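Coordinates as given in coords_29.cif (mmCIF, C-alpha atoms):
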```cif
data_model
loop_
_atom_site.label_atom_id
_atom_site.label_comp_id
_atom_site.auth_asym_id
_atom_site.auth_seq_id
_atom_site.Cartn_x
_atom_site.Cartn_y
_atom_site.Cartn_z
CA MET A 13 82.59 112.08 114.15
CA LEU A 14 81.52 109.33 111.79
CA ASN A 15 77.85 108.46 111.81
CA LEU A 16 77.98 104.84 112.98
CA LEU A 17 74.36 104.25 111.93
CA ARG A 18 75.06 104.75 108.23
CA PRO A 19 74.16 101.61 106.20
CA VAL A 20 77.35 100.05 104.91
CA PRO A 21 78.35 97.38 102.40
CA THR A 22 79.59 94.13 103.84
CA PHE A 23 83.36 94.32 103.28
CA SER A 24 85.18 92.45 106.01
CA ALA A 25 88.89 91.87 106.42
CA ARG A 26 89.92 88.28 105.71
CA PRO A 27 93.00 86.77 107.36
CA PHE A 28 96.03 87.15 105.10
CA PRO A 29 99.75 86.35 105.34
CA GLN A 30 102.21 89.19 105.73
CA ILE A 31 105.33 89.13 103.59
CA ILE A 32 107.77 91.68 105.03
CA LYS A 33 108.17 93.69 108.19
CA TYR A 34 106.80 97.10 107.28
CA MET A 35 107.01 100.34 109.22
CA GLY A 36 103.60 101.92 109.75
CA SER A 37 101.77 98.86 108.47
CA LYS A 38 97.99 99.03 108.88
CA ALA A 39 97.72 95.25 109.25
CA GLY A 40 97.12 95.65 112.99
CA ILE A 41 94.12 97.94 112.43
CA ILE A 42 92.92 96.60 109.11
CA ASP A 43 89.39 96.04 110.44
CA PHE A 44 89.21 99.77 111.26
CA VAL A 45 90.41 100.69 107.76
CA VAL A 46 88.07 98.25 106.02
CA ASP A 47 85.12 99.57 108.04
CA GLY A 48 85.91 103.08 106.83
CA ILE A 49 86.16 101.90 103.23
CA SER A 50 82.85 100.08 103.59
CA ARG A 51 81.20 103.28 104.73
CA ALA A 52 82.60 105.37 101.88
CA HIS A 53 82.27 102.85 99.06
CA ARG A 54 79.48 103.40 96.53
CA GLY A 55 80.61 100.97 93.84
CA GLY A 56 83.56 100.67 91.49
CA PRO A 57 87.10 99.63 92.36
CA VAL A 58 89.01 100.40 95.54
CA CYS A 59 92.26 102.17 94.71
CA ASP A 60 95.01 101.65 97.29
CA LEU A 61 96.97 104.75 96.37
CA PHE A 62 100.06 104.14 98.55
CA ALA A 63 99.89 100.37 98.79
CA GLY A 64 103.21 99.72 100.57
CA ALA A 65 103.14 96.14 101.82
CA CYS A 66 99.64 95.70 100.33
CA SER A 67 97.68 94.89 103.49
CA LEU A 68 94.48 96.24 101.97
CA SER A 69 94.74 93.88 98.98
CA GLY A 70 95.34 91.06 101.41
CA ALA A 71 92.26 92.02 103.41
CA ILE A 72 89.62 92.65 100.73
CA GLY A 73 91.05 91.50 97.40
CA ASN A 74 88.49 88.69 97.32
CA GLN A 75 85.53 91.08 97.68
CA VAL A 76 86.12 93.99 95.31
CA ASP A 77 88.27 94.96 92.34
CA VAL A 78 91.46 96.52 93.66
CA ILE A 79 93.89 98.94 92.06
CA SER A 80 97.09 98.45 94.03
CA ASN A 81 99.44 101.36 93.38
CA ASP A 82 102.75 102.51 94.79
CA ILE A 83 105.75 104.40 93.44
CA GLN A 84 108.01 101.60 94.72
CA SER A 85 108.37 98.46 92.59
CA TYR A 86 108.56 96.07 95.55
CA SER A 87 104.95 96.94 96.37
CA GLN A 88 103.84 95.92 92.88
CA THR A 89 105.60 92.60 93.37
CA ILE A 90 104.05 91.87 96.77
CA ALA A 91 100.56 92.70 95.49
CA HIS A 92 100.62 89.57 93.33
CA ILE A 93 100.51 87.44 96.46
CA TYR A 94 96.99 88.71 97.17
CA LEU A 95 95.62 89.56 93.72
CA HIS A 96 97.17 87.12 91.24
CA ALA A 97 95.90 83.55 91.17
CA ALA A 98 98.97 81.33 91.00
CA SER A 99 99.14 79.24 87.85
CA GLY A 100 99.10 75.49 87.88
CA ALA A 101 102.81 75.63 87.16
CA LEU A 102 103.47 77.45 90.43
CA SER A 103 100.96 75.56 92.56
CA GLY A 104 102.56 72.31 91.34
CA ILE A 105 106.13 73.62 91.39
CA ASP A 106 108.99 71.16 91.77
CA LEU A 107 110.43 73.07 94.69
CA ALA A 108 113.19 70.53 95.27
CA LEU A 109 114.44 71.11 91.73
CA PHE A 110 114.15 74.90 92.11
CA LEU A 111 116.26 74.84 95.28
CA LYS A 112 118.72 72.36 93.77
CA GLU A 113 119.39 74.74 90.89
CA ALA A 114 119.81 77.64 93.32
CA LYS A 115 122.14 75.62 95.56
CA LYS A 116 124.34 74.83 92.55
CA LEU A 117 124.67 78.55 91.78
CA VAL A 118 125.47 79.29 95.43
CA GLY A 119 128.24 76.71 95.40
CA GLU A 120 129.73 78.20 92.23
CA ALA A 121 129.58 81.72 93.67
CA ILE A 122 131.13 80.82 97.03
CA ARG A 123 133.91 78.79 95.37
CA ASP A 124 135.23 81.91 93.66
CA LEU A 125 135.30 84.05 96.82
CA PRO A 126 138.22 84.71 99.18
CA SER A 127 138.48 82.52 102.27
CA GLY A 128 137.55 83.55 105.80
CA LEU A 129 133.99 84.71 105.10
CA ASP A 130 132.10 82.11 107.11
CA TYR A 131 130.67 82.90 110.55
CA PRO A 132 131.27 80.27 113.24
CA SER A 133 128.48 79.89 115.78
CA HIS A 134 130.88 80.91 118.57
CA THR A 135 133.77 83.34 118.25
CA SER A 136 135.37 86.35 119.91
CA LEU A 137 134.16 89.89 119.29
CA GLU A 138 137.47 90.79 117.66
CA GLU A 139 137.41 87.84 115.26
CA PHE A 140 133.72 88.37 114.48
CA ASN A 141 134.39 91.93 113.36
CA LYS A 142 137.30 90.77 111.20
CA ILE A 143 134.91 88.36 109.46
CA GLU A 144 132.39 91.19 109.05
CA ASP A 145 135.07 93.36 107.46
CA ARG A 146 136.15 90.60 105.05
CA ASN A 147 132.53 90.18 103.98
CA ARG A 148 132.12 93.91 103.40
CA GLN A 149 135.29 94.08 101.32
CA LEU A 150 133.53 92.04 98.63
CA ILE A 151 132.20 95.35 97.35
CA ASP A 152 135.62 95.70 95.70
CA HIS A 153 135.76 92.09 94.45
CA HIS A 154 135.57 91.31 90.74
CA PHE A 155 132.72 88.97 89.83
CA ASP A 156 132.32 87.11 86.54
CA SER A 157 128.86 85.68 87.20
CA GLU A 158 125.78 87.53 85.95
CA TYR A 159 123.93 87.41 89.29
CA HIS A 160 126.21 88.88 91.94
CA LEU A 161 124.42 92.10 92.99
CA PHE A 162 123.83 91.17 96.62
CA LEU A 163 127.14 89.36 97.06
CA ARG A 164 128.99 92.48 96.00
CA CYS A 165 126.85 95.19 97.58
CA TYR A 166 125.46 93.70 100.77
CA SER A 167 127.78 91.00 102.14
CA GLY A 168 128.55 91.73 105.79
CA THR A 169 125.76 94.28 106.08
CA TRP A 170 122.28 92.92 106.79
CA TRP A 171 123.30 89.52 105.45
CA SER A 172 126.40 87.39 105.24
CA ALA A 173 128.09 86.55 101.94
CA GLN A 174 126.53 83.07 102.13
CA GLN A 175 123.05 84.56 102.58
CA CYS A 176 123.66 87.07 99.78
CA ALA A 177 124.73 84.24 97.47
CA TRP A 178 121.37 82.58 98.14
CA ILE A 179 119.46 85.82 97.48
CA ASP A 180 121.25 86.20 94.14
CA ALA A 181 120.77 82.52 93.26
CA LEU A 182 117.05 82.46 94.04
CA ARG A 183 116.60 85.51 91.85
CA ALA A 184 118.64 83.89 89.06
CA VAL A 185 116.58 80.68 89.07
CA ALA A 186 113.28 82.59 89.22
CA ASP A 187 114.35 84.67 86.21
CA ASP A 188 115.49 81.57 84.33
CA TRP A 189 112.22 79.72 84.94
CA LEU A 190 110.28 82.77 83.76
CA ALA A 191 112.41 83.05 80.62
CA ARG A 192 111.80 79.37 79.84
CA ASP A 193 108.03 79.77 80.37
CA ARG A 194 108.04 77.37 83.29
CA ILE A 195 106.16 80.04 85.28
CA GLY A 196 104.23 83.21 84.42
CA ASN A 197 104.90 86.84 85.33
CA GLY A 198 102.57 86.78 88.33
CA ASP A 199 104.14 83.53 89.55
CA HIS A 200 107.57 85.15 89.22
CA ALA A 201 106.40 88.02 91.43
CA ILE A 202 105.20 85.54 94.06
CA LEU A 203 108.61 83.84 94.07
CA LEU A 204 110.37 87.20 94.48
CA SER A 205 107.99 88.15 97.30
CA CYS A 206 108.95 84.98 99.17
CA VAL A 207 112.63 85.86 98.75
CA MET A 208 111.85 89.30 100.22
CA HIS A 209 110.24 87.53 103.15
CA ALA A 210 113.38 85.46 103.65
CA MET A 211 115.50 88.61 103.44
CA ALA A 212 113.40 90.28 106.14
CA TYR A 213 113.65 87.39 108.58
CA THR A 214 117.31 86.51 108.07
CA GLY A 215 118.59 90.10 107.97
CA GLN A 216 120.33 91.32 111.12
CA GLY A 217 118.52 94.67 111.19
CA THR A 218 115.17 95.52 112.73
CA GLY A 219 113.20 94.73 109.58
CA HIS A 220 114.05 97.80 107.54
CA TYR A 221 117.27 98.67 105.75
CA ALA A 222 118.11 102.20 106.85
CA GLN A 223 121.34 100.97 108.42
CA TYR A 224 122.66 97.63 109.54
CA ARG A 225 123.89 97.06 113.09
CA ASP A 226 127.54 96.96 114.13
CA ALA A 227 128.87 94.42 116.63
CA LYS A 228 130.11 96.84 119.30
CA THR A 229 129.66 94.54 122.28
CA VAL A 230 129.67 90.80 122.89
CA SER A 231 125.91 90.97 123.41
CA SER A 232 125.25 92.72 120.08
CA MET A 233 127.66 90.32 118.36
CA LYS A 234 125.74 87.32 119.65
CA ASP A 235 122.44 88.78 118.52
CA ILE A 236 123.77 89.61 115.04
CA ASN A 237 125.33 86.17 114.75
CA ILE A 238 121.96 84.54 115.41
CA TYR A 239 120.81 86.06 112.12
CA ARG A 240 124.07 85.24 110.34
CA GLN A 241 123.31 81.56 111.01
CA LYS A 242 119.80 81.66 109.53
CA SER A 243 119.08 79.94 106.22
CA VAL A 244 117.63 82.07 103.42
CA ALA A 245 116.60 78.91 101.58
CA THR A 246 114.67 77.57 104.57
CA TYR A 247 112.70 80.78 105.08
CA PHE A 248 112.02 81.01 101.34
CA GLU A 249 110.83 77.42 101.04
CA ARG A 250 108.59 77.58 104.11
CA LYS A 251 106.98 80.84 103.02
CA LEU A 252 106.46 79.76 99.42
CA ARG A 253 104.67 76.58 100.49
CA SER A 254 102.33 78.50 102.79
CA ILE A 255 101.73 81.26 100.22
CA ILE A 256 100.82 78.78 97.47
CA GLU A 257 98.33 77.13 99.82
CA TRP A 258 96.80 80.46 100.88
CA ASN A 259 96.74 81.83 97.35
CA THR A 260 95.06 78.73 95.94
CA GLN A 261 92.33 78.90 98.56
CA ASN A 262 91.77 82.65 98.72
CA VAL A 263 92.55 84.47 95.46
CA LEU A 264 89.51 84.76 93.23
CA PRO A 265 89.43 85.81 89.55
CA ARG A 266 88.62 89.51 89.60
CA THR A 267 89.56 92.55 87.51
CA HIS A 268 92.44 93.79 89.62
CA GLU A 269 95.14 96.20 88.49
CA ILE A 270 98.65 96.60 89.88
CA THR A 271 100.53 99.80 89.00
CA VAL A 272 103.79 101.59 89.80
CA LEU A 273 102.84 105.24 89.49
CA ASP A 274 103.19 108.52 91.30
CA TYR A 275 100.00 109.10 93.28
CA SER A 276 98.96 112.04 91.11
CA ASP A 277 99.38 110.04 87.90
CA CYS A 278 97.40 107.15 89.35
CA LEU A 279 94.51 109.48 90.22
CA LYS A 280 94.49 110.87 86.68
CA LYS A 281 93.74 107.35 85.38
CA LEU A 282 91.01 106.66 87.92
CA ASP A 283 87.32 106.88 87.06
CA GLY A 284 85.14 106.68 90.16
CA GLY A 285 85.32 104.11 92.92
CA THR A 286 86.91 104.66 96.31
CA VAL A 287 90.45 105.82 97.01
CA TYR A 288 92.22 104.60 100.13
CA ALA A 289 95.21 106.82 100.86
CA ASP A 290 97.82 106.09 103.50
CA PRO A 291 100.67 108.40 102.46
CA PRO A 292 103.98 108.53 104.31
CA TYR A 293 103.82 110.93 107.21
CA ALA A 294 107.30 110.84 108.69
CA PHE A 295 110.06 113.24 107.65
CA VAL A 296 112.19 110.23 106.65
CA HIS A 297 111.63 108.60 103.29
CA TYR A 298 110.42 105.03 102.85
CA SER A 299 112.86 104.65 99.96
CA ARG A 300 115.62 104.85 102.59
CA PHE A 301 114.07 102.17 104.77
CA TYR A 302 113.28 99.73 101.96
CA HIS A 303 115.94 100.42 99.33
CA ALA A 304 117.38 96.90 99.60
CA ILE A 305 114.16 95.15 98.56
CA GLU A 306 113.59 97.77 95.87
CA THR A 307 117.05 96.92 94.53
CA PHE A 308 116.28 93.21 94.75
CA VAL A 309 113.10 93.62 92.70
CA LEU A 310 114.70 95.91 90.11
CA TYR A 311 117.98 93.95 90.16
CA ASP A 312 119.58 96.76 88.19
CA TYR A 313 123.06 97.05 89.74
CA PRO A 314 122.51 100.68 90.79
CA ASP A 315 125.17 103.20 91.66
CA LEU A 316 125.43 103.46 95.43
CA GLN A 317 125.36 106.74 97.31
CA ILE A 318 128.81 108.23 97.94
CA GLN A 319 129.76 110.65 100.71
CA ARG A 320 133.28 112.01 101.17
CA GLY A 321 134.57 109.54 98.62
CA GLU A 322 133.13 106.47 100.39
CA VAL A 323 130.03 104.35 99.87
CA VAL A 324 127.63 105.27 102.69
CA LYS A 325 127.08 102.69 105.38
CA GLY A 326 123.47 102.08 104.38
CA ARG A 327 124.54 101.11 100.84
CA TYR A 328 121.65 103.23 99.53
CA ARG A 329 120.77 103.53 95.88
CA ASP A 330 122.15 106.81 94.56
CA GLU A 331 118.76 107.67 93.04
CA ARG A 332 115.84 107.13 95.42
CA HIS A 333 112.29 108.44 95.43
CA GLN A 334 111.77 111.47 97.68
CA SER A 335 108.13 111.78 98.71
CA PRO A 336 106.67 115.31 99.00
CA PHE A 337 104.54 113.98 101.87
CA SER A 338 107.75 113.62 103.88
CA ILE A 339 109.07 117.14 103.17
CA ARG A 340 107.65 119.86 105.41
CA SER A 341 107.75 122.56 102.75
CA LEU A 342 105.92 120.34 100.22
CA VAL A 343 103.48 118.33 102.29
CA GLY A 344 100.60 120.82 102.12
CA GLY A 345 100.79 121.04 98.36
CA ALA A 346 101.01 117.24 98.10
CA PHE A 347 97.76 116.82 100.00
CA THR A 348 96.05 119.49 97.94
CA THR A 349 97.14 117.70 94.76
CA MET A 350 95.78 114.45 96.13
CA PHE A 351 92.41 115.96 97.14
CA GLU A 352 92.08 117.65 93.75
CA GLY A 353 92.94 114.37 92.03
CA VAL A 354 90.24 112.55 93.98
CA ARG A 355 87.70 115.20 93.02
CA GLY A 356 88.75 115.02 89.37
CA SER A 357 88.39 111.23 89.35
CA GLY A 358 84.88 111.35 90.81
CA ALA A 359 85.92 108.96 93.58
CA ASN A 360 85.19 108.92 97.28
CA LEU A 361 88.16 109.03 99.67
CA VAL A 362 89.25 107.27 102.83
CA LEU A 363 92.43 108.88 104.16
CA SER A 364 94.45 107.40 107.00
CA TYR A 365 95.93 110.12 109.16
CA SER A 366 98.25 109.89 112.15
CA ASN A 367 98.75 112.54 114.81
CA ALA A 368 102.49 111.99 114.32
CA ALA A 369 102.21 113.61 110.87
CA LEU A 370 104.03 116.71 109.62
CA LEU A 371 100.65 118.36 108.98
CA ASP A 372 98.14 118.83 111.80
CA LEU A 373 94.64 117.44 111.38
CA ASP A 374 92.86 120.81 111.38
CA THR A 375 95.03 121.99 108.49
CA MET A 376 94.41 118.71 106.71
CA ILE A 377 90.64 119.09 107.02
CA GLU A 378 90.84 122.71 105.85
CA LEU A 379 92.83 121.67 102.76
CA ALA A 380 90.31 118.90 102.06
CA HIS A 381 87.37 121.31 102.21
CA LEU A 382 89.12 123.82 99.94
CA ALA A 383 90.13 121.24 97.32
CA LEU A 384 87.03 119.03 97.35
CA GLY A 385 84.49 121.82 97.61
CA ALA A 386 80.82 121.67 98.49
CA ALA A 387 80.25 118.51 96.45
CA TYR A 388 81.77 116.38 99.23
CA ASP A 389 80.82 115.66 102.84
CA ILE A 390 83.79 115.14 105.15
CA GLU A 391 83.60 113.01 108.28
CA ILE A 392 86.21 111.95 110.82
CA PHE A 393 86.60 108.55 112.46
CA ARG A 394 89.18 108.05 115.28
CA ARG A 395 90.81 105.16 117.06
CA ASP A 396 93.91 104.75 119.28
CA HIS A 397 96.63 102.57 117.79
CA ARG A 398 100.09 101.23 118.61
CA HIS A 399 102.27 102.28 115.67
CA MET A 400 105.28 100.06 114.87
CA THR A 401 108.42 102.18 114.46
CA MET A 402 110.67 99.18 113.66
CA GLY A 403 113.04 100.12 116.48
CA ARG A 404 114.54 97.65 118.93
CA LYS A 405 114.32 99.65 122.14
CA ALA A 406 111.81 101.69 124.10
CA ASP A 407 110.05 103.18 121.09
CA ARG A 408 109.54 99.98 119.09
CA ASN A 409 105.85 100.75 119.38
CA ARG A 410 104.44 104.23 119.80
CA ASP A 411 100.96 105.27 120.89
CA VAL A 412 99.27 107.30 118.16
CA GLU A 413 95.71 108.31 117.45
CA GLU A 414 94.73 106.85 114.09
CA THR A 415 92.20 108.88 112.18
CA LEU A 416 90.23 108.19 109.03
CA LEU A 417 89.07 111.17 107.01
CA LEU A 418 86.12 110.14 104.86
CA ALA A 419 85.25 112.39 101.92
CA MET A 420 82.05 111.29 100.18
CA GLN A 421 80.18 112.84 97.30
CA ARG A 422 76.77 114.19 98.22
#
```

Please render this file's structure as structure tokens.
Amino acid sequence: MLNLLRPVPTFSARPFPQIIKYMGSKAGIIDFVVDGISRAHRGGPVCDLFAGACSLSGAIGNQVDVISNDIQSYSQTIAHIYLHAASGALSGIDLALFLKEAKKLVGEAIRDLPSGLDYPSHTSLEEFNKIEDRNRQLIDHHFDSEYHLFLRCYSGTWWSAQQCAWIDALRAVADDWLARDRIGNGDHAILLSCVMHAMAYTGQGTGHYAQYRDAKTVSSMKDINIYRQKSVATYFERKLRSIIEWNTQNVLPRTHEITVLDYSDCLKKLDGGTVYADPPYAFVHYSRFYHAIETFVLYDYPDLQIQRGEVVKGRYRDERHQSPFSIRSLVGGAFTTMFEGVRGSGANLVLSYSNAALLDLDTMIELAHLALGAAYDIEIFRRDHRHMTMGRKADRNRDVEETLLLAMQR
């Protein structure tokens, strides 16, 4: 067990706004994580190796230089909320003009679509599903506008055509303002992060994008239709205002770095400091759960996955990252590579581990000892935790024992 009497630096988790709903987020136990990092830290930056929704940057980005890394591009974008000081152009943004330009694009996009796509607040189950089907058929529609990715690929899935038109339009205006130097790159990332927030809270799923829900009963139809009526613009505007206020008050000028690298490549660039690692532990891949926001950030009109001649229901990107930490035959080697990378970088390590993992803790500790060698002391710190599974039923939260493995140079 961890020696609780060890003198520690004074890192403490500050309150920070969350942007998206994120499976396995450590936001609920961030004090526990930050305490472990405080105990392991001996100077230098803190490298968040699998940053995800960037809770660690939100918690301690004002107290230490952070390297926020993840293989997924949406993570890089979200990190700017916590690590990039918004420019005067963004803090003084003419939000009414921004939304006016987006609304104009929405109107132009909707005008060119077939009729019968709107969702009334009250309708029959049969008619609702006909509307859903008409929305989904837009995947075969020809679009002339440059920004139509979500209208074509995602109408009638997690969002309605109207909501998708707003997602596309907000992206178009953000890109245009960046191109005209009305905002900077970091400001652009903050705008995109606020669109991702709006996507999360207007989407009819549970917060991830593995599959959207079908209206099979009147009850499920009514629940889905609640989300169909939500305004993307309203959620975006509200979040952006609050983020600008928080960012202005809380983001300090420090030497942060935000990268999109495989974990092993990130470790090769690291020179000392402390690594915080919270790798994926489930057998399912995060790229499946968050492909829609990855596509929004990349905005690259990807090929969609095809099975038996049809686009799969989840509308997944055809090429998605497959983490070795989520593949039983590869997970042991992935951890060994990570431990060896930490040793090679000369860093200390704080590793979050869950007892729901593919690899048991004893094996994990054995691999750590073998890879890190006698130059490191390894200590274990445990705490019970309610893990969010992002489900809607009995297992929405699951009791797990959260463990921190601390590996510190002697």

### Matched chain/residue IDs from the PyMOL selection byres ((chain A and resi 352-364) around 7), as a ChimeraX atom specification
/A:48-49,52-53,276,279-280,282-290,348-351,365-366,383-384,415-421

Find the nearest atom pair between each residue of region 171-258 of chain A and region 91-100 of chain A for residues within 9 Å, count all atoms listed in the file, give distances in Å to one decimal, sort rows by chain and ascending number, and present the table as a tab-separated table.
```
residue	atom	partner	partner_atom	distance
A:Ile195	CA	A:Ser99	CA	7.5
A:Gly196	CA	A:Ser99	CA	7.3
A:Gly198	CA	A:His92	CA	6.0
A:Asp199	CA	A:Ala98	CA	5.8
A:Ala201	CA	A:His92	CA	6.3
A:Ile202	CA	A:Ile93	CA	5.6
A:Ser205	CA	A:Ile93	CA	7.6
A:Ile255	CA	A:Ile93	CA	7.3
A:Ile256	CA	A:Ala98	CA	7.2
```

Per residue of region 150-263 of chain A within 12 Å of region 123-143 of chain A, what are the shortest atom pair and its distance in Å to one decimal, counting all atoms listed in the file, with rows by chain and residue number, as CSV?
```
residue,atom,partner,partner_atom,distance
A:Leu150,CA,A:Leu125,CA,8.4
A:Ile151,CA,A:Leu125,CA,11.7
A:Asp152,CA,A:Leu125,CA,11.7
A:His153,CA,A:Leu125,CA,8.4
A:His154,CA,A:Leu125,CA,9.5
A:Phe155,CA,A:Asp124,CA,8.4
A:Asp156,CA,A:Asp124,CA,9.3
A:Ser157,CA,A:Asp124,CA,9.8
A:His160,CA,A:Leu125,CA,11.4
A:Leu163,CA,A:Leu125,CA,9.7
A:Arg164,CA,A:Leu125,CA,10.6
A:Ser167,CA,A:Leu129,CA,9.3
A:Gly168,CA,A:Ile143,CA,8.1
A:Thr169,CA,A:Ile143,CA,11.4
A:Trp171,CA,A:Tyr131,CA,11.1
A:Ser172,CA,A:Asp130,CA,8.0
A:Ala173,CA,A:Leu129,CA,6.9
A:Gln174,CA,A:Asp130,CA,7.5
A:Gln175,CA,A:Asp130,CA,10.4
A:Cys176,CA,A:Leu129,CA,11.9
A:Ala177,CA,A:Leu125,CA,10.6
A:Arg225,CA,A:Asn141,CA,11.7
A:Asp226,CA,A:Asn141,CA,8.5
A:Ala227,CA,A:Asn141,CA,6.9
A:Lys228,CA,A:Leu137,CA,8.0
A:Thr229,CA,A:Leu137,CA,7.1
A:Val230,CA,A:Leu137,CA,5.8
A:Ser231,CA,A:Leu137,CA,9.3
A:Ser232,CA,A:Leu137,CA,9.4
A:Met233,CA,A:Leu137,CA,6.6
A:Lys234,CA,A:His134,CA,8.3
A:Asp235,CA,A:Ser133,CA,11.1
A:Ile236,CA,A:Phe140,CA,10.0
A:Asn237,CA,A:Ser133,CA,7.1
A:Ile238,CA,A:Ser133,CA,8.0
A:Tyr239,CA,A:Tyr131,CA,10.5
A:Arg240,CA,A:Tyr131,CA,7.0
A:Gln241,CA,A:Ser133,CA,7.2
A:Lys242,CA,A:Ser133,CA,10.8
```

### Task
List, as a PyMOL selection string, every residue that the PyMOL selection byres ((chain A and resi 337-339) around 12) selects in the file provided.
chain A and resi 62+274-275+289-300+333-336+340-350+365+368-371

Could you turn the residues from that selection into a file that holds C-alpha atoms, as a tab-separated table (two decimals), in the coordinates of the input?
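Once written, again-v6.tsv looks like this:
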```tsv
chain	number	residue	atom	x	y	z
A	62	PHE	CA	100.06	104.14	98.55
A	274	ASP	CA	103.19	108.52	91.30
A	275	TYR	CA	100.00	109.10	93.28
A	289	ALA	CA	95.21	106.82	100.86
A	290	ASP	CA	97.82	106.09	103.50
A	291	PRO	CA	100.67	108.40	102.46
A	292	PRO	CA	103.98	108.53	104.31
A	293	TYR	CA	103.82	110.93	107.21
A	294	ALA	CA	107.30	110.84	108.69
A	295	PHE	CA	110.06	113.24	107.65
A	296	VAL	CA	112.19	110.23	106.65
A	297	HIS	CA	111.63	108.60	103.29
A	298	TYR	CA	110.42	105.03	102.85
A	299	SER	CA	112.86	104.65	99.96
A	300	ARG	CA	115.62	104.85	102.59
A	333	HIS	CA	112.29	108.44	95.43
A	334	GLN	CA	111.77	111.47	97.68
A	335	SER	CA	108.13	111.78	98.71
A	336	PRO	CA	106.67	115.31	99.00
A	340	ARG	CA	107.65	119.86	105.41
A	341	SER	CA	107.75	122.56	102.75
A	342	LEU	CA	105.92	120.34	100.22
A	343	VAL	CA	103.48	118.33	102.29
A	344	GLY	CA	100.60	120.82	102.12
A	345	GLY	CA	100.79	121.04	98.36
A	346	ALA	CA	101.01	117.24	98.10
A	347	PHE	CA	97.76	116.82	100.00
A	348	THR	CA	96.05	119.49	97.94
A	349	THR	CA	97.14	117.70	94.76
A	350	MET	CA	95.78	114.45	96.13
A	365	TYR	CA	95.93	110.12	109.16
A	368	ALA	CA	102.49	111.99	114.32
A	369	ALA	CA	102.21	113.61	110.87
A	370	LEU	CA	104.03	116.71	109.62
A	371	LEU	CA	100.65	118.36	108.98
```

### Query
Could you work out how far CA of Gly73 (chain A) lies from CA of Thr214 (chain A), giving the answer in Å with one decimal?
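A separation of 28.8 Å between them.
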
### Pick from A:Tyr388, A:Phe248, A:Tyr86, A:Tyr302, whichever lies nearest to Leu107 (chain A) using only C-alpha atoms
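Between A:Tyr388, A:Phe248, A:Tyr86, A:Tyr302, the residue approaching Leu107 (chain A) most closely is A:Phe248.
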